[in-house]
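Student: Shown below is the structure under consideration.
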Amino acid sequence: MRAPLVMVPLLALLAECTPRTIWDVTPQAAIGLPTVFVPDTAGLKPGTSARGMEGCRAHLADPSFGSQLTLVRSTDRGGTPAKYWGDYQVTPSGRYGVSEHQLLRIDCRTGQAVGIVPLKD
């Protein structure tokens, strides 16, 4: 009879450790990153905005290697100043250790990588 009572607190503790959304996932370390990613405006028509969703650029580039990042999703993490995170598909696949089933999370305010996260939540 004691075993089920012991399991209840353990299950509650495990539930607290499980990420609630994709934004709660702890990013994995990426490799070979530039200091910052820069807005990629190549190919934009004059008068077209490079802005994507919620403060993140739709396209970023690695000034050293020419890798391209395309915004898949973004969120406002709150705070002052506003803290936007964007999850980007990396081209070519495999760069920075990001597989085709993963995205690279970027702090959109600074252009610095936060780490690798899953594509699906």
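Labels used: A, B, ... for chains in the order of the structure tokens, numbers from 1 for residues in each chain, and numbers from 1 for ligands as shown.
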Find the spatial neighbours of Lys83 (chain A), counting only C-alpha atoms, within a cut-off of 10 Å - ignore same-chain residues fewer than 5 positions away - and output them as an NGL selection string.
Tutor: :A and (55 or 75-78 or 107-110)
Student: Can you tell me which residues surround Val72 (chain A) at a distance of at most 12 Å, considering only C-alpha atoms, apart from same-chain residues fewer than 2 positions away, and format the answer as number ranges by chain?
Tutor: A: 52-54, 56-60, 69-70, 74-75, 85-90, 102-106, 117-120
Student: Which is closer to Thr91 (chain A) than all the others in A:Thr41, A:Thr35, A:Gln28, A:Gln68, using only C-alpha atoms?
Tutor: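 For Thr91 (chain A), the nearest of the candidates is A:Gln68.
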Student: Taking into account only C-alpha atoms, which residue in the set A:Ala82, A:Ile22, A:Glu100, A:Ser64 is nearest to Val36 (chain A)?
Tutor: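 Under the stated criterion, the closest residue is A:Ser64.
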Student: Separation of CA of Phe65 (chain A) and CA of Thr26 (chain A), in Å?
Tutor: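 Pair CA of Phe65 (chain A) / CA of Thr26 (chain A) returns 26.3 Å.
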Student: Which residue, A:Val98, A:Val38, A:Ile31, A:Val25, has the smallest gap to Gly66 (chain A) when you use only C-alpha atoms?
Tutor: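 The closest residue to Gly66 (chain A) is A:Val38.
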Student: Please identify the strand (DSSP E) residues within region 56-85 of chain A (assignment by DSSP from backbone atoms) and present them as JSON, numbers by chain.
Tutor: {"A": [59, 60, 61, 68, 69, 70, 71, 72, 73, 74, 75, 76, 84, 85]}
Student: Quick check, in Å to one decimal: how far apart do CA of Pro34 (chain A) and CA of Asp62 (chain A) lie?
Tutor: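 Going from CA of Pro34 (chain A) over to CA of Asp62 (chain A), I get 6.5 Å.
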